[in-house]
Amino acid sequence: MSMQQVVSDTIRLTSPRRNSLTHIPGDEGWPIIGKTFEVLADPKGHVERNAKKYGHVYRSHMFGDVNVVLLGPEANELVLFDQAKLFSSAHGWGHILNLLFPRGLMLLDFEEHRMHRKALSVAFKAGPMKSYLAGLDRGIAARIAQWKQRPGEMLFYPQIKQLTLDLAATSFLGTEIGPEVDAINRAFIDMVAAAVAPIRKPLPGTQMARGVRGRQRIVAYFSVQIPLRRAKGDGDDLFSHLCRATDDQGALLSTQDIVDHMSFLMMAAHDTLTSSLTSFVAQLAAHPEWQQRLRAEVESLGLAPDQAMSSEHLEKMKLTEMAFQETLRLMPPVPSLPRRPVRDFTFKGYAIPAGTGVGINPMFTHHMPEIWPEPERFDPMRFTDEAQRGRHRFAWVPFGGGAHMCLGLHFAYMQAKCFARHFLSNIEVSFAPGYRPDWQVWPIPKPRDGLKVMVKAV
């Protein structure tokens, strides 16, 4: 069976009648706007207050839709592992991403998703990953060398945002991209901003209109490049690998499939890594004792300043990996995950009809004190092998889980460790006395003030 024969859109879902959910405890708030502004003002606190009042299953009204929130590791397992193929990711994310990132992996379901994921996985095998590491190593080293020459106060978030965007362009599109890189990066920035804009129609002058124009530029660029990359036949970047990828019957992916997957993968890799590395540096600045421990681990690798990293070096950075995992526990890059069930189901005694907007919340699970004692404390030792033994396997889900587990999981670890190697080898980071970062948690965490850090050369 080819990919063209399997289409997620054959699943038609409609929201259930509102009175079909009144048996579930909760508060829908004001007419029309519901609890939207309360959620935007304090997403984490909103969920925690509702959990305390109503329990781990409650009803709410956000962003124009009545939905049911399911909390805790058991809920994460039900929705993410989804052995029964009950929950549609396409219908969960569609209203947010369809206009700008249609038919990315998160917007495909079940058999179609499996087939596309299998085709895309060739770009994340050992050979391509080795090539990506070389590019990341060079790009990160060059940028951090620039930062090292400018000691003093630094707004970290815009700097790492530009770096991750440049790295995604290099790793995913190749060094041959040339002068188009600035226009492509601008288009992606406009698309990502539009994905979470409050005005959802591309009216003149709106962020959504700029996002739609950005998508048009991206589609035009990829459509021209696909036959050129296929003719060349030897590129090691992700785009070139997708141009050569085939489905289960050996047919090349369609131009539209490649355009959709490239758009989505670049968005996902850039925005979530920007958030995660910003959170990571914030933790290093707040915890100098851990910063020094990780610096010692990097020094123990014995790498000369201009020596390239290898996968063997990455494997030795266990403490760095644990610190990054703890960062993702405290501030998961995707704090909540939406789905819609394609059939009626029951959870913790509550009957929930097909088509209901359902959300799980990694941020809540990652701060449950019964799982994570002193949950607000930064403690990478939570991720030793011994500490993880016996913990629910869906208690930590920053990369999702099940069939929709982040395809770029290992790419994220690779980039984080490569960044840590160069950053810690060259820079000491701290906060000015009395400074506390102010975070916007939803939809993807970022510091409202850009994260003011003090940097000096090591």
# chains A, B, ... in the order shown; residues from 1 in each chain; ligands from 1
$ residues_around --residues "Arg143 of chain A" --least-positions-apart "6" --cutoff "10 Å" --atoms "only C-alpha atoms" --output "VMD selection string"
chain A and resid 159 to 160 163 422 to 423
$ closest_atom_pairs --of "segment 77-181 of chain A" --to "segment 219-239 of chain A" --cutoff "6 Å" --atoms "only C-alpha atoms" --output "Markdown table"
| residue | atom | partner | partner_atom | distance |
| --- | --- | --- | --- | --- |
| A:Ala123 | CA | A:Leu238 | CA | 5.5 |
| A:Pro128 | CA | A:Asp236 | CA | 6.0 |
| A:Ser171 | CA | A:Asp237 | CA | 5.6 |
| A:Phe172 | CA | A:Leu238 | CA | 4.4 |
| A:Leu173 | CA | A:Phe239 | CA | 5.4 |
| A:Gly174 | CA | A:Asp237 | CA | 5.0 |
$ write_last_selection --atoms "C-alpha atoms" --output "mmCIF file, in the first residue's frame"
data_model
loop_
_atom_site.group_PDB
_atom_site.id
_atom_site.type_symbol
_atom_site.label_atom_id
_atom_site.label_comp_id
_atom_site.auth_asym_id
_atom_site.auth_seq_id
_atom_site.Cartn_x
_atom_site.Cartn_y
_atom_site.Cartn_z
ATOM 1 C CA ALA A 123 17.116 10.885 7.628
ATOM 2 C CA PRO A 128 23.078 11.172 8.347
ATOM 3 C CA SER A 171 21.685 20.411 9.016
ATOM 4 C CA PHE A 172 18.344 20.127 7.239
ATOM 5 C CA LEU A 173 18.996 22.022 4.001
ATOM 6 C CA GLY A 174 22.762 21.680 3.582
#
$ residues_around --residues "Met267 of chain A" --least-positions-apart "3" --cutoff "9 Å" --atoms "only C-alpha atoms" --output "list in words"
Phe101, Leu165, Ala168, Phe188, Ile189, Met191, Val192, Met262, Ser263, Phe264, His270, Asp271 and Thr272 of chain A
$ write_last_selection --atoms "N, CA and C atoms" --output "PDB file, in the first residue's frame"
ATOM      1  N   PHE A 101       1.372  24.504   8.649  1.00  0.00           N
ATOM      2  CA  PHE A 101       2.203  23.296   8.609  1.00  0.00           C
ATOM      3  C   PHE A 101       1.338  22.065   8.324  1.00  0.00           C
ATOM      4  N   LEU A 165      18.156  28.375  14.494  1.00  0.00           N
ATOM      5  CA  LEU A 165      17.587  28.511  13.158  1.00  0.00           C
ATOM      6  C   LEU A 165      18.660  28.302  12.097  1.00  0.00           C
ATOM      7  N   ALA A 168      19.532  24.596  12.039  1.00  0.00           N
ATOM      8  CA  ALA A 168      18.506  23.800  11.363  1.00  0.00           C
ATOM      9  C   ALA A 168      18.623  23.956   9.856  1.00  0.00           C
ATOM     10  N   PHE A 188      10.305  31.088   8.019  1.00  0.00           N
ATOM     11  CA  PHE A 188      10.011  30.171   9.126  1.00  0.00           C
ATOM     12  C   PHE A 188       9.654  30.933  10.395  1.00  0.00           C
ATOM     13  N   ILE A 189      10.346  32.037  10.659  1.00  0.00           N
ATOM     14  CA  ILE A 189      10.016  32.841  11.830  1.00  0.00           C
ATOM     15  C   ILE A 189       8.585  33.348  11.743  1.00  0.00           C
ATOM     16  N   MET A 191       6.105  32.003  10.047  1.00  0.00           N
ATOM     17  CA  MET A 191       5.180  30.872  10.143  1.00  0.00           C
ATOM     18  C   MET A 191       5.001  30.423  11.592  1.00  0.00           C
ATOM     19  N   VAL A 192       6.102  30.331  12.333  1.00  0.00           N
ATOM     20  CA  VAL A 192       6.026  29.897  13.724  1.00  0.00           C
ATOM     21  C   VAL A 192       5.240  30.903  14.551  1.00  0.00           C
ATOM     22  N   MET A 262       9.309  18.860   5.408  1.00  0.00           N
ATOM     23  CA  MET A 262      10.423  19.777   5.653  1.00  0.00           C
ATOM     24  C   MET A 262       9.955  20.995   6.451  1.00  0.00           C
ATOM     25  N   SER A 263       8.821  21.545   6.090  1.00  0.00           N
ATOM     26  CA  SER A 263       8.297  22.714   6.811  1.00  0.00           C
ATOM     27  C   SER A 263       8.077  22.372   8.271  1.00  0.00           C
ATOM     28  N   PHE A 264       7.445  21.248   8.516  1.00  0.00           N
ATOM     29  CA  PHE A 264       7.126  20.871   9.886  1.00  0.00           C
ATOM     30  C   PHE A 264       8.372  20.533  10.688  1.00  0.00           C
ATOM     31  N   HIS A 270      13.562  23.755  15.336  1.00  0.00           N
ATOM     32  CA  HIS A 270      14.035  25.089  15.713  1.00  0.00           C
ATOM     33  C   HIS A 270      13.380  25.585  16.992  1.00  0.00           C
ATOM     34  N   ASP A 271      12.069  25.555  17.080  1.00  0.00           N
ATOM     35  CA  ASP A 271      11.377  26.225  18.188  1.00  0.00           C
ATOM     36  C   ASP A 271      11.536  25.478  19.507  1.00  0.00           C
ATOM     37  N   THR A 272      11.417  24.163  19.492  1.00  0.00           N
ATOM     38  CA  THR A 272      11.534  23.420  20.749  1.00  0.00           C
ATOM     39  C   THR A 272      12.967  23.407  21.258  1.00  0.00           C
TER      40      THR A 272
END
$ residues_around --residues "segment 340-354 of chain A" --least-positions-apart "3" --cutoff "6 Å" --atoms "only C-alpha atoms" --output "list in words"
Leu86, Phe87, Ser88, His91, Gly92, Gly357 and Val358 of chain A
$ residues_around --residues "Glu38 of chain A" --least-positions-apart "6" --cutoff "12 Å" --atoms "only C-alpha atoms" --output "PyMOL selection string"
chain A and resi 27-30+44-47+49-50+60-63+442
$ select_by_dssp --residues "segment 52-189 of chain A" --states "alpha helix (DSSP H)" --output "ChimeraX atom specification"
/A:52-54,73-76,89-97,110-120,126-148,156-173,181-189
$ closest_residue --among "A:Ala304, A:Leu71, A:Leu277, A:Ala51" --to "Lys446 of chain A" --atoms "only C-alpha atoms"
A:Leu277
$ residues_around --residues "Trp290 of chain A" --least-positions-apart "2" --cutoff "12 Å" --atoms "only C-alpha atoms" --output "ChimeraX atom specification"
/A:280-288,292-297,319-320,322-324,326,378-381,424,428-430
$ atom_distance --atom1 "atom CA of Met106 of chain A" --atom2 "atom CA of Leu407 of chain A"
10.3 Å
$ residues_around --residues "Ala134 of chain A" --least-positions-apart "3" --cutoff "9 Å" --atoms "only C-alpha atoms" --output "JSON list (two decimals) with all heavy atoms, in the first residue's frame"
[["chain", "number", "residue", "atom", "x", "y", "z"],
["A", 129, "MET", "N", 23.12, 11.20, 10.79],
["A", 129, "MET", "CA", 23.33, 11.83, 12.09],
["A", 129, "MET", "C", 24.80, 12.22, 12.27],
["A", 129, "MET", "O", 25.13, 13.26, 12.85],
["A", 129, "MET", "CB", 22.87, 10.91, 13.21],
["A", 129, "MET", "CG", 21.36, 10.75, 13.30],
["A", 129, "MET", "SD", 20.52, 12.19, 13.97],
["A", 129, "MET", "CE", 20.80, 11.95, 15.72],
["A", 130, "LYS", "N", 25.71, 11.40, 11.77],
["A", 130, "LYS", "CA", 27.13, 11.73, 11.85],
["A", 130, "LYS", "C", 27.43, 13.00, 11.07],
["A", 130, "LYS", "O", 28.20, 13.87, 11.51],
["A", 130, "LYS", "CB", 27.96, 10.56, 11.30],
["A", 130, "LYS", "CG", 29.45, 10.75, 11.42],
["A", 130, "LYS", "CD", 30.20, 9.52, 10.91],
["A", 130, "LYS", "CE", 31.71, 9.71, 11.04],
["A", 130, "LYS", "NZ", 32.45, 8.50, 10.55],
["A", 131, "SER", "N", 26.78, 13.14, 9.91],
["A", 131, "SER", "CA", 26.96, 14.34, 9.10],
["A", 131, "SER", "C", 26.37, 15.56, 9.82],
["A", 131, "SER", "O", 26.98, 16.64, 9.83],
["A", 131, "SER", "CB", 26.28, 14.15, 7.74],
["A", 131, "SER", "OG", 26.31, 15.35, 6.99],
["A", 137, "ASP", "N", 28.69, 20.86, 15.17],
["A", 137, "ASP", "CA", 29.94, 21.12, 15.88],
["A", 137, "ASP", "C", 30.61, 22.39, 15.34],
["A", 137, "ASP", "O", 31.02, 23.27, 16.10],
["A", 137, "ASP", "CB", 30.85, 19.90, 15.72],
["A", 137, "ASP", "CG", 31.92, 19.81, 16.80],
["A", 137, "ASP", "OD1", 31.65, 20.26, 17.93],
["A", 137, "ASP", "OD2", 33.00, 19.30, 16.51],
["A", 138, "ARG", "N", 30.69, 22.50, 14.02],
["A", 138, "ARG", "CA", 31.34, 23.67, 13.41],
["A", 138, "ARG", "C", 30.52, 24.94, 13.68],
["A", 138, "ARG", "O", 31.07, 25.98, 14.06],
["A", 138, "ARG", "CB", 31.49, 23.46, 11.90],
["A", 138, "ARG", "CG", 32.52, 22.43, 11.51],
["A", 138, "ARG", "CD", 32.77, 22.48, 10.00],
["A", 138, "ARG", "NE", 31.56, 22.22, 9.24],
["A", 138, "ARG", "CZ", 31.18, 21.01, 8.82],
["A", 138, "ARG", "NH1", 31.92, 19.95, 9.14],
["A", 138, "ARG", "NH2", 30.07, 20.84, 8.13],
["A", 139, "GLY", "N", 29.21, 24.84, 13.47],
["A", 139, "GLY", "CA", 28.36, 26.02, 13.62],
["A", 139, "GLY", "C", 28.32, 26.54, 15.05],
["A", 139, "GLY", "O", 28.40, 27.76, 15.29],
["A", 308, "ALA", "N", 37.04, 17.96, 16.55],
["A", 308, "ALA", "CA", 35.64, 17.64, 16.29],
["A", 308, "ALA", "C", 35.12, 16.61, 17.29],
["A", 308, "ALA", "O", 35.87, 15.74, 17.75],
["A", 308, "ALA", "CB", 35.48, 17.12, 14.87],
["A", 309, "MET", "N", 33.84, 16.71, 17.59],
["A", 309, "MET", "CA", 33.20, 15.73, 18.45],
["A", 309, "MET", "C", 32.81, 14.50, 17.65],
["A", 309, "MET", "O", 32.58, 14.56, 16.45],
["A", 309, "MET", "CB", 31.93, 16.31, 19.09],
["A", 309, "MET", "CG", 32.17, 17.42, 20.08],
["A", 309, "MET", "SD", 30.69, 17.72, 21.09],
["A", 309, "MET", "CE", 30.82, 16.37, 22.29],
["A", 310, "SER", "N", 32.69, 13.39, 18.36],
["A", 310, "SER", "CA", 32.22, 12.14, 17.76],
["A", 310, "SER", "C", 31.08, 11.60, 18.60],
["A", 310, "SER", "O", 30.81, 12.08, 19.71],
["A", 310, "SER", "CB", 33.36, 11.12, 17.70],
["A", 310, "SER", "OG", 33.70, 10.70, 19.03]]
$ atom_distance --atom1 "atom CA of His410 of chain A" --atom2 "atom CA of His367 of chain A"
24.2 Å
$ atom_distance --atom1 "atom CA of Ala84 of chain A" --atom2 "atom CA of Pro398 of chain A"
22.3 Å
